Amino acid sequence: MNASPANETTVIPSWTVGEVTVHRVDEVLLPPATGPWLLPDATTDVVMQQDWLRPDFADHEGILHIDSHSFAFVVGGLRVLVDTGIGNGKERANPAWHNLQTDFLERLAAAGFSPGSVDLVILTHLHADHVGWNTREVNGEWVPTFPNARYVTSRIEREFWATYDMEEARKQMFRDSVIPVEEAGVLDLVDVPAQGVEVAPGLRLLPTPGHTPGHIAVELTSQDETALITGDCIHHPVQLAHPAIGACVDIDPEQSEASRRKLLGSLAGTDTLVLGTHFAPPTAGRVITHENAYRLATVPAAPQTVSH
């Protein structure tokens, strides 16, 4: 990875939730082909029927905007990172993810979260674009990127993949991004009951199974204000308008839709700030009812410009 030039400025989009500031740490904008592959039922005709998706979440031809980023914040005295993106130098079958060389760690540090300062890494699930920065290569070996952090995911999630008949590409992802943190003894598996589980003051994991069996969303609460990080229960705002639209990689499409509908129903009409794990900027908003379904009333970030 190339170091950032001296005196370079970085804009870190941020939102305030009570006393907590949530930073979006960008990794990469995914190519236009991602949408038709990932959400095949979100056809251009379907997308074009929802004017509110343009221009932020889709272009004027109905092509979806999808990106990869993480969220970082401090809550309950812990410095937390939710999902770790695709990572650098990883051998991946998806050309858009293969051997990336991004400035993600520099952006993370610019937001105030140098790798050594992170206390807790929450993994919503164990897919390649959510675990990549778990590790980085040092002297030919993959080692934990966040050496002082505990990594947390659902017990159901890890146990599912332990018995799954993986294709070689997925085996490679586990070899370079999951097993090294296990072998380092820093991966904690958490039981996530129906009502969720608090892993730190103001920080709760909520079960949203279907995309993967142990998928979780992350709820953050501070001073009676709440935010919800979706993970891949909702990949794109078009799924608010059409909750039946699922991802081609959902393990259990029916359960994924049920989780999405339950989550959207619980969020609609509330003040909860929804932060989409793959939502292109402006990324965040509140769920409101719209045409027998939902839409996102966007909440723009407050840009935080830092020099480094």
# chains A, B, ... in the order shown; residues from 1 in each chain; ligands from 1
>>> select_by_dssp(residues="region 185-248 of chain A", states="alpha helix (DSSP H)", output="list in words")
Val238, Gln239, Leu240 and Ala241 of chain A
>>> write_last_selection(atoms="all heavy atoms", output="PDB file, in the first residue's frame")
ATOM      1  N   VAL A 238     -33.144   0.073  -2.505  1.00  0.00           N
ATOM      2  CA  VAL A 238     -34.237  -0.429  -3.345  1.00  0.00           C
ATOM      3  C   VAL A 238     -35.019  -1.525  -2.624  1.00  0.00           C
ATOM      4  O   VAL A 238     -36.209  -1.745  -2.876  1.00  0.00           O
ATOM      5  CB  VAL A 238     -33.712  -0.942  -4.708  1.00  0.00           C
ATOM      6  CG1 VAL A 238     -32.920  -2.232  -4.560  1.00  0.00           C
ATOM      7  CG2 VAL A 238     -34.871  -1.145  -5.693  1.00  0.00           C
ATOM      8  N   GLN A 239     -34.378  -2.197  -1.666  1.00  0.00           N
ATOM      9  CA  GLN A 239     -35.045  -3.255  -0.915  1.00  0.00           C
ATOM     10  C   GLN A 239     -36.029  -2.709   0.109  1.00  0.00           C
ATOM     11  O   GLN A 239     -36.848  -3.473   0.631  1.00  0.00           O
ATOM     12  CB  GLN A 239     -34.016  -4.160  -0.245  1.00  0.00           C
ATOM     13  CG  GLN A 239     -33.191  -4.979  -1.234  1.00  0.00           C
ATOM     14  CD  GLN A 239     -32.053  -5.705  -0.561  1.00  0.00           C
ATOM     15  OE1 GLN A 239     -31.079  -5.079  -0.130  1.00  0.00           O
ATOM     16  NE2 GLN A 239     -32.175  -7.018  -0.447  1.00  0.00           N
ATOM     17  N   LEU A 240     -35.967  -1.416   0.393  1.00  0.00           N
ATOM     18  CA  LEU A 240     -37.014  -0.807   1.221  1.00  0.00           C
ATOM     19  C   LEU A 240     -38.313  -0.733   0.425  1.00  0.00           C
ATOM     20  O   LEU A 240     -39.389  -0.995   0.960  1.00  0.00           O
ATOM     21  CB  LEU A 240     -36.603   0.589   1.693  1.00  0.00           C
ATOM     22  CG  LEU A 240     -35.732   0.662   2.956  1.00  0.00           C
ATOM     23  CD1 LEU A 240     -34.357   0.061   2.723  1.00  0.00           C
ATOM     24  CD2 LEU A 240     -35.619   2.102   3.444  1.00  0.00           C
ATOM     25  N   ALA A 241     -38.195  -0.371  -0.832  1.00  0.00           N
ATOM     26  CA  ALA A 241     -39.378  -0.291  -1.689  1.00  0.00           C
ATOM     27  C   ALA A 241     -39.890  -1.679  -2.062  1.00  0.00           C
ATOM     28  O   ALA A 241     -41.099  -1.865  -2.249  1.00  0.00           O
ATOM     29  CB  ALA A 241     -39.044   0.503  -2.953  1.00  0.00           C
TER      30      ALA A 241
END
>>> closest_atom_pairs(of="region 145-199 of chain A", to="region 105-127 of chain A", cutoff="9 Å", atoms="only C-alpha atoms", output="CSV")
residue,atom,partner,partner_atom,distance
A:Thr145,CA,A:Pro115,CA,6.3
A:Phe146,CA,A:Pro115,CA,4.8
A:Pro147,CA,A:Gly116,CA,6.0
A:Asn148,CA,A:Gly116,CA,5.9
A:Ala149,CA,A:Asp119,CA,4.2
A:Arg150,CA,A:Leu120,CA,5.0
A:Tyr151,CA,A:Val121,CA,4.6
A:Val152,CA,A:Ile122,CA,4.9
A:Thr153,CA,A:Leu123,CA,5.1
A:Ser154,CA,A:His125,CA,7.6
A:Glu157,CA,A:His125,CA,6.6
A:Arg158,CA,A:Leu126,CA,7.6
A:Trp161,CA,A:Leu126,CA,8.3
A:Arg170,CA,A:His127,CA,8.4
A:Met173,CA,A:His127,CA,8.3
A:Phe174,CA,A:Leu126,CA,8.6
A:Val178,CA,A:Leu126,CA,8.0
>>> closest_atom_pairs(of="region 162-247 of chain A", to="region 272-291 of chain A", cutoff="8 Å", atoms="only C-alpha atoms", output="tab-separated table")
residue	atom	partner	partner_atom	distance
A:Glu225	CA	A:Thr272	CA	7.1
A:Thr226	CA	A:Thr272	CA	5.0
A:Ala227	CA	A:Leu273	CA	4.4
A:Leu228	CA	A:Val274	CA	4.9
A:Ile229	CA	A:Leu275	CA	4.8
A:Thr230	CA	A:Gly276	CA	5.3
A:Gly231	CA	A:Thr277	CA	5.1
A:Asp232	CA	A:Thr277	CA	6.9
A:Ile234	CA	A:Gly276	CA	7.3
A:His235	CA	A:His278	CA	5.7
A:His236	CA	A:Phe279	CA	5.7
A:Pro237	CA	A:Phe279	CA	7.1
A:Ala241	CA	A:His290	CA	7.5
>>> write_last_selection(atoms="C-alpha atoms", output="PDB file, in the first residue's frame")
ATOM      1  CA  GLU A 225     -30.926   8.184  20.322  1.00  0.00           C
ATOM      2  CA  THR A 226     -30.485   5.012  18.269  1.00  0.00           C
ATOM      3  CA  ALA A 227     -28.689   3.936  15.108  1.00  0.00           C
ATOM      4  CA  LEU A 228     -28.871   0.608  13.309  1.00  0.00           C
ATOM      5  CA  ILE A 229     -26.105  -0.776  11.084  1.00  0.00           C
ATOM      6  CA  THR A 230     -27.739  -3.109   8.584  1.00  0.00           C
ATOM      7  CA  GLY A 231     -25.003  -5.465   7.512  1.00  0.00           C
ATOM      8  CA  ASP A 232     -26.307  -7.409   4.517  1.00  0.00           C
ATOM      9  CA  ILE A 234     -30.422  -4.877   3.492  1.00  0.00           C
ATOM     10  CA  HIS A 235     -27.863  -4.422   0.728  1.00  0.00           C
ATOM     11  CA  HIS A 236     -29.445  -1.452  -1.018  1.00  0.00           C
ATOM     12  CA  PRO A 237     -32.282   1.057  -0.421  1.00  0.00           C
ATOM     13  CA  ALA A 241     -39.378  -0.291  -1.689  1.00  0.00           C
TER      14      ALA A 241
END
>>> residues_around(residues="Thr212 (chain A)", least_positions_apart="3", cutoff="8 Å", atoms="only C-alpha atoms", output="ChimeraX atom specification")
/A:125,157,209,215,250-252
>>> residues_around(residues="His242 (chain A)", least_positions_apart="2", cutoff="10 Å", atoms="only C-alpha atoms", output="list of chain:residue names")
A:Asp41, A:Ala42, A:Val46, A:Val47, A:Pro237, A:Val238, A:Gln239, A:Leu240, A:Ala244, A:Ile245, A:Gly246, A:Glu257, A:Arg261, A:Asn292, A:Ala293, A:Tyr294, A:Arg295
>>> write_last_selection(atoms="N, CA and C atoms", output="CSV table (one decimal), in the first residue's frame")
chain,number,residue,atom,x,y,z
A,41,ASP,N,-33.2,-9.2,-9.2
A,41,ASP,CA,-34.6,-8.8,-9.4
A,41,ASP,C,-34.8,-7.2,-9.3
A,42,ALA,N,-33.7,-6.5,-9.0
A,42,ALA,CA,-33.7,-5.1,-9.0
A,42,ALA,C,-33.4,-4.6,-10.4
A,46,VAL,N,-37.5,-1.7,-12.4
A,46,VAL,CA,-37.9,-1.6,-11.0
A,46,VAL,C,-37.3,-0.4,-10.3
A,47,VAL,N,-36.0,-0.2,-10.6
A,47,VAL,CA,-35.3,0.9,-10.0
A,47,VAL,C,-35.8,2.2,-10.5
A,237,PRO,N,-31.0,0.5,-0.7
A,237,PRO,CA,-32.3,1.1,-0.4
A,237,PRO,C,-33.4,0.6,-1.3
A,238,VAL,N,-33.1,0.1,-2.5
A,238,VAL,CA,-34.2,-0.4,-3.3
A,238,VAL,C,-35.0,-1.5,-2.6
A,239,GLN,N,-34.4,-2.2,-1.7
A,239,GLN,CA,-35.0,-3.3,-0.9
A,239,GLN,C,-36.0,-2.7,0.1
A,240,LEU,N,-36.0,-1.4,0.4
A,240,LEU,CA,-37.0,-0.8,1.2
A,240,LEU,C,-38.3,-0.7,0.4
A,244,ALA,N,-39.1,-7.9,-1.0
A,244,ALA,CA,-39.0,-9.3,-1.5
A,244,ALA,C,-37.7,-9.5,-2.3
A,245,ILE,N,-37.1,-8.4,-2.7
A,245,ILE,CA,-35.9,-8.5,-3.5
A,245,ILE,C,-34.7,-9.0,-2.6
A,246,GLY,N,-34.2,-10.1,-3.0
A,246,GLY,CA,-33.1,-10.7,-2.2
A,246,GLY,C,-31.8,-10.7,-3.0
A,257,GLU,N,-35.7,-12.6,3.5
A,257,GLU,CA,-36.9,-11.6,3.3
A,257,GLU,C,-37.6,-11.4,4.6
A,261,ARG,N,-38.1,-7.8,6.3
A,261,ARG,CA,-39.5,-7.2,6.6
A,261,ARG,C,-39.6,-6.9,8.1
A,292,ASN,N,-47.2,1.5,0.2
A,292,ASN,CA,-47.4,0.2,0.7
A,292,ASN,C,-46.1,-0.5,1.0
A,293,ALA,N,-45.0,0.2,1.1
A,293,ALA,CA,-43.7,-0.4,1.5
A,293,ALA,C,-43.0,0.8,2.3
A,294,TYR,N,-41.7,1.0,1.9
A,294,TYR,CA,-40.9,1.9,2.6
A,294,TYR,C,-40.0,2.7,1.7
A,295,ARG,N,-39.4,3.8,2.2
A,295,ARG,CA,-38.3,4.5,1.5
A,295,ARG,C,-37.4,5.0,2.6
>>> residues_around(residues="Val11 (chain A)", least_positions_apart="3", cutoff="10 Å", atoms="only C-alpha atoms", output="count of residues only")
13
>>> atom_distance(atom1="CA of Asp191 (chain A)", atom2="CA of Ile156 (chain A)")
7.4 Å
>>> residues_around(residues="Arg92 (chain A)", least_positions_apart="6", cutoff="8 Å", atoms="only C-alpha atoms", output="ChimeraX atom specification")
/A:98-99,169,172-173
>>> write_last_selection(atoms="C-alpha atoms", output="tab-separated table (two decimals), in the first residue's frame")
chain	number	residue	atom	x	y	z
A	98	HIS	CA	-9.08	-9.24	-6.13
A	99	ASN	CA	-5.74	-7.88	-4.92
A	169	ALA	CA	-12.47	-19.33	-3.23
A	172	GLN	CA	-9.05	-19.14	0.57
A	173	MET	CA	-10.99	-16.33	2.25
>>> atom_distance(atom1="CA of Leu206 (chain A)", atom2="CA of Pro180 (chain A)")
25.8 Å
>>> select_by_dssp(residues="region 178-292 of chain A", states="strand (DSSP E or B)", output="ChimeraX atom specification")
/A:187-190,197-200,203-207,216-222,225-229,273-275,279,284-290
>>> residues_around(residues="Asn134 (chain A)", least_positions_apart="4", cutoff="7 Å", atoms="only C-alpha atoms", output="ChimeraX atom specification")
/A:84,144-145,177
>>> write_last_selection(atoms="N, CA, C and O atoms", output="compact mmCIF listing (two decimals), in the first residue's frame")
# COMPACT_ATOMS: atom_id res chain seq x y z
N THR A 84 -15.07 -5.25 8.21
CA THR A 84 -13.72 -4.83 7.83
C THR A 84 -13.48 -4.88 6.32
O THR A 84 -12.34 -4.90 5.87
N PRO A 144 -3.46 -10.57 12.46
CA PRO A 144 -4.54 -9.64 12.79
C PRO A 144 -4.13 -8.19 12.55
O PRO A 144 -3.09 -7.74 13.02
N THR A 145 -4.96 -7.47 11.82
CA THR A 145 -4.71 -6.05 11.55
C THR A 145 -4.84 -5.21 12.81
O THR A 145 -4.14 -4.21 12.98
N SER A 177 -8.36 -14.66 6.15
CA SER A 177 -9.05 -13.59 6.86
C SER A 177 -9.83 -14.01 8.10
O SER A 177 -10.22 -13.15 8.89
>>> atom_distance(atom1="CA of Gly132 (chain A)", atom2="CA of Gly85 (chain A)")
5.3 Å
>>> closest_residue(among="A:Thr16, A:Thr9, A:Ala268, A:Ala162", to="Pro300 (chain A)", atoms="only C-alpha atoms")
A:Thr16
>>> closest_residue(among="A:Ala297, A:Val80, A:Val20, A:Ala93", to="Val218 (chain A)", atoms="only C-alpha atoms")
A:Val80
>>> decode(residues="region 49-64 of chain A", atoms="all heavy atoms", output="PDB file, in the first residue's frame")
ATOM      1  N   GLN A  49     -38.720   3.073 -11.275  1.00  0.00           N
ATOM      2  CA  GLN A  49     -40.036   3.403 -10.724  1.00  0.00           C
ATOM      3  C   GLN A  49     -39.942   4.135  -9.393  1.00  0.00           C
ATOM      4  O   GLN A  49     -40.929   4.708  -8.931  1.00  0.00           O
ATOM      5  CB  GLN A  49     -40.857   2.120 -10.551  1.00  0.00           C
ATOM      6  CG  GLN A  49     -41.302   1.498 -11.864  1.00  0.00           C
ATOM      7  CD  GLN A  49     -41.899   0.118 -11.672  1.00  0.00           C
ATOM      8  OE1 GLN A  49     -42.153  -0.316 -10.545  1.00  0.00           O
ATOM      9  NE2 GLN A  49     -42.118  -0.585 -12.768  1.00  0.00           N
ATOM     10  N   GLN A  50     -38.760   4.123  -8.780  1.00  0.00           N
ATOM     11  CA  GLN A  50     -38.564   4.774  -7.484  1.00  0.00           C
ATOM     12  C   GLN A  50     -37.699   6.028  -7.669  1.00  0.00           C
ATOM     13  O   GLN A  50     -36.472   5.968  -7.609  1.00  0.00           O
ATOM     14  CB  GLN A  50     -37.905   3.799  -6.489  1.00  0.00           C
ATOM     15  CG  GLN A  50     -38.671   2.502  -6.284  1.00  0.00           C
ATOM     16  CD  GLN A  50     -40.029   2.709  -5.658  1.00  0.00           C
ATOM     17  OE1 GLN A  50     -40.211   3.595  -4.815  1.00  0.00           O
ATOM     18  NE2 GLN A  50     -41.007   1.904  -6.059  1.00  0.00           N
ATOM     19  N   ASP A  51     -38.367   7.147  -7.886  1.00  0.00           N
ATOM     20  CA  ASP A  51     -37.629   8.386  -8.153  1.00  0.00           C
ATOM     21  C   ASP A  51     -36.657   8.740  -7.036  1.00  0.00           C
ATOM     22  O   ASP A  51     -35.600   9.345  -7.285  1.00  0.00           O
ATOM     23  CB  ASP A  51     -38.608   9.547  -8.356  1.00  0.00           C
ATOM     24  CG  ASP A  51     -39.409   9.429  -9.643  1.00  0.00           C
ATOM     25  OD1 ASP A  51     -39.005   8.633 -10.518  1.00  0.00           O
ATOM     26  OD2 ASP A  51     -40.446  10.115  -9.760  1.00  0.00           O
ATOM     27  N   TRP A  52     -37.003   8.402  -5.812  1.00  0.00           N
ATOM     28  CA  TRP A  52     -36.195   8.809  -4.656  1.00  0.00           C
ATOM     29  C   TRP A  52     -34.832   8.127  -4.617  1.00  0.00           C
ATOM     30  O   TRP A  52     -33.929   8.564  -3.899  1.00  0.00           O
ATOM     31  CB  TRP A  52     -36.952   8.554  -3.360  1.00  0.00           C
ATOM     32  CG  TRP A  52     -37.299   7.109  -3.109  1.00  0.00           C
ATOM     33  CD1 TRP A  52     -38.402   6.447  -3.530  1.00  0.00           C
ATOM     34  CD2 TRP A  52     -36.531   6.175  -2.355  1.00  0.00           C
ATOM     35  NE1 TRP A  52     -38.376   5.143  -3.104  1.00  0.00           N
ATOM     36  CE2 TRP A  52     -37.245   4.938  -2.374  1.00  0.00           C
ATOM     37  CE3 TRP A  52     -35.320   6.242  -1.670  1.00  0.00           C
ATOM     38  CZ2 TRP A  52     -36.775   3.796  -1.735  1.00  0.00           C
ATOM     39  CZ3 TRP A  52     -34.845   5.093  -1.029  1.00  0.00           C
ATOM     40  CH2 TRP A  52     -35.570   3.899  -1.062  1.00  0.00           C
ATOM     41  N   LEU A  53     -34.662   7.064  -5.403  1.00  0.00           N
ATOM     42  CA  LEU A  53     -33.361   6.382  -5.439  1.00  0.00           C
ATOM     43  C   LEU A  53     -32.315   7.174  -6.220  1.00  0.00           C
ATOM     44  O   LEU A  53     -31.109   6.955  -6.030  1.00  0.00           O
ATOM     45  CB  LEU A  53     -33.507   4.996  -6.065  1.00  0.00           C
ATOM     46  CG  LEU A  53     -34.274   3.948  -5.247  1.00  0.00           C
ATOM     47  CD1 LEU A  53     -34.488   2.695  -6.083  1.00  0.00           C
ATOM     48  CD2 LEU A  53     -33.533   3.621  -3.953  1.00  0.00           C
ATOM     49  N   ARG A  54     -32.773   8.078  -7.084  1.00  0.00           N
ATOM     50  CA  ARG A  54     -31.840   8.822  -7.933  1.00  0.00           C
ATOM     51  C   ARG A  54     -31.662  10.239  -7.398  1.00  0.00           C
ATOM     52  O   ARG A  54     -32.611  10.821  -6.891  1.00  0.00           O
ATOM     53  CB  ARG A  54     -32.362   8.860  -9.382  1.00  0.00           C
ATOM     54  CG  ARG A  54     -32.582   7.460  -9.972  1.00  0.00           C
ATOM     55  CD  ARG A  54     -32.936   7.526 -11.447  1.00  0.00           C
ATOM     56  NE  ARG A  54     -34.164   8.272 -11.697  1.00  0.00           N
ATOM     57  CZ  ARG A  54     -35.394   7.750 -11.628  1.00  0.00           C
ATOM     58  NH1 ARG A  54     -35.565   6.488 -11.293  1.00  0.00           N
ATOM     59  NH2 ARG A  54     -36.452   8.491 -11.869  1.00  0.00           N
ATOM     60  N   PRO A  55     -30.472  10.803  -7.472  1.00  0.00           N
ATOM     61  CA  PRO A  55     -29.252  10.271  -8.094  1.00  0.00           C
ATOM     62  C   PRO A  55     -28.311   9.566  -7.119  1.00  0.00           C
ATOM     63  O   PRO A  55     -27.268   9.070  -7.523  1.00  0.00           O
ATOM     64  CB  PRO A  55     -28.573  11.540  -8.617  1.00  0.00           C
ATOM     65  CG  PRO A  55     -28.902  12.563  -7.564  1.00  0.00           C
ATOM     66  CD  PRO A  55     -30.309  12.227  -7.099  1.00  0.00           C
ATOM     67  N   ASP A  56     -28.673   9.524  -5.818  1.00  0.00           N
ATOM     68  CA  ASP A  56     -27.716   9.023  -4.831  1.00  0.00           C
ATOM     69  C   ASP A  56     -27.506   7.514  -4.895  1.00  0.00           C
ATOM     70  O   ASP A  56     -26.366   7.041  -4.881  1.00  0.00           O
ATOM     71  CB  ASP A  56     -28.175   9.401  -3.416  1.00  0.00           C
ATOM     72  CG  ASP A  56     -28.175  10.904  -3.186  1.00  0.00           C
ATOM     73  OD1 ASP A  56     -27.273  11.572  -3.721  1.00  0.00           O
ATOM     74  OD2 ASP A  56     -29.082  11.394  -2.486  1.00  0.00           O
ATOM     75  N   PHE A  57     -28.596   6.761  -4.966  1.00  0.00           N
ATOM     76  CA  PHE A  57     -28.503   5.307  -4.844  1.00  0.00           C
ATOM     77  C   PHE A  57     -28.571   4.574  -6.178  1.00  0.00           C
ATOM     78  O   PHE A  57     -28.400   3.358  -6.228  1.00  0.00           O
ATOM     79  CB  PHE A  57     -29.597   4.799  -3.903  1.00  0.00           C
ATOM     80  CG  PHE A  57     -29.535   5.445  -2.538  1.00  0.00           C
ATOM     81  CD1 PHE A  57     -30.615   6.175  -2.060  1.00  0.00           C
ATOM     82  CD2 PHE A  57     -28.406   5.347  -1.754  1.00  0.00           C
ATOM     83  CE1 PHE A  57     -30.563   6.786  -0.815  1.00  0.00           C
ATOM     84  CE2 PHE A  57     -28.341   5.947  -0.508  1.00  0.00           C
ATOM     85  CZ  PHE A  57     -29.425   6.670  -0.028  1.00  0.00           C
ATOM     86  N   ALA A  58     -28.839   5.301  -7.229  1.00  0.00           N
ATOM     87  CA  ALA A  58     -28.844   4.738  -8.582  1.00  0.00           C
ATOM     88  C   ALA A  58     -28.609   5.874  -9.571  1.00  0.00           C
ATOM     89  O   ALA A  58     -28.873   7.045  -9.267  1.00  0.00           O
ATOM     90  CB  ALA A  58     -30.172   4.048  -8.881  1.00  0.00           C
ATOM     91  N   ASP A  59     -28.107   5.518 -10.741  1.00  0.00           N
ATOM     92  CA  ASP A  59     -27.908   6.564 -11.739  1.00  0.00           C
ATOM     93  C   ASP A  59     -29.187   6.755 -12.550  1.00  0.00           C
ATOM     94  O   ASP A  59     -30.214   6.124 -12.299  1.00  0.00           O
ATOM     95  CB  ASP A  59     -26.685   6.266 -12.618  1.00  0.00           C
ATOM     96  CG  ASP A  59     -26.872   5.068 -13.544  1.00  0.00           C
ATOM     97  OD1 ASP A  59     -28.031   4.615 -13.746  1.00  0.00           O
ATOM     98  OD2 ASP A  59     -25.856   4.571 -14.074  1.00  0.00           O
ATOM     99  N   HIS A  60     -29.130   7.646 -13.525  1.00  0.00           N
ATOM    100  CA  HIS A  60     -30.340   7.998 -14.270  1.00  0.00           C
ATOM    101  C   HIS A  60     -30.730   6.945 -15.299  1.00  0.00           C
ATOM    102  O   HIS A  60     -31.726   7.109 -16.007  1.00  0.00           O
ATOM    103  CB  HIS A  60     -30.158   9.375 -14.919  1.00  0.00           C
ATOM    104  CG  HIS A  60     -30.126  10.482 -13.922  1.00  0.00           C
ATOM    105  ND1 HIS A  60     -31.252  10.935 -13.274  1.00  0.00           N
ATOM    106  CD2 HIS A  60     -29.087  11.216 -13.422  1.00  0.00           C
ATOM    107  CE1 HIS A  60     -30.929  11.911 -12.427  1.00  0.00           C
ATOM    108  NE2 HIS A  60     -29.627  12.103 -12.507  1.00  0.00           N
ATOM    109  N   GLU A  61     -29.961   5.864 -15.358  1.00  0.00           N
ATOM    110  CA  GLU A  61     -30.336   4.732 -16.205  1.00  0.00           C
ATOM    111  C   GLU A  61     -30.781   3.537 -15.363  1.00  0.00           C
ATOM    112  O   GLU A  61     -31.014   2.446 -15.898  1.00  0.00           O
ATOM    113  CB  GLU A  61     -29.161   4.337 -17.097  1.00  0.00           C
ATOM    114  CG  GLU A  61     -28.779   5.436 -18.089  1.00  0.00           C
ATOM    115  CD  GLU A  61     -27.610   5.039 -18.965  1.00  0.00           C
ATOM    116  OE1 GLU A  61     -26.992   3.977 -18.699  1.00  0.00           O
ATOM    117  OE2 GLU A  61     -27.313   5.774 -19.919  1.00  0.00           O
ATOM    118  N   GLY A  62     -30.889   3.741 -14.052  1.00  0.00           N
ATOM    119  CA  GLY A  62     -31.367   2.679 -13.180  1.00  0.00           C
ATOM    120  C   GLY A  62     -30.307   1.708 -12.713  1.00  0.00           C
ATOM    121  O   GLY A  62     -30.630   0.633 -12.195  1.00  0.00           O
ATOM    122  N   ILE A  63     -29.043   2.062 -12.864  1.00  0.00           N
ATOM    123  CA  ILE A  63     -27.946   1.201 -12.388  1.00  0.00           C
ATOM    124  C   ILE A  63     -27.659   1.540 -10.920  1.00  0.00           C
ATOM    125  O   ILE A  63     -27.453   2.707 -10.567  1.00  0.00           O
ATOM    126  CB  ILE A  63     -26.676   1.398 -13.226  1.00  0.00           C
ATOM    127  CG1 ILE A  63     -26.960   1.063 -14.698  1.00  0.00           C
ATOM    128  CG2 ILE A  63     -25.535   0.548 -12.684  1.00  0.00           C
ATOM    129  CD1 ILE A  63     -27.399  -0.361 -14.938  1.00  0.00           C
ATOM    130  N   LEU A  64     -27.647   0.515 -10.083  1.00  0.00           N
ATOM    131  CA  LEU A  64     -27.487   0.724  -8.647  1.00  0.00           C
ATOM    132  C   LEU A  64     -26.070   1.165  -8.289  1.00  0.00           C
ATOM    133  O   LEU A  64     -25.089   0.705  -8.885  1.00  0.00           O
ATOM    134  CB  LEU A  64     -27.803  -0.571  -7.891  1.00  0.00           C
ATOM    135  CG  LEU A  64     -29.213  -1.152  -8.062  1.00  0.00           C
ATOM    136  CD1 LEU A  64     -29.361  -2.410  -7.218  1.00  0.00           C
ATOM    137  CD2 LEU A  64     -30.278  -0.127  -7.682  1.00  0.00           C
TER     138      LEU A  64
END
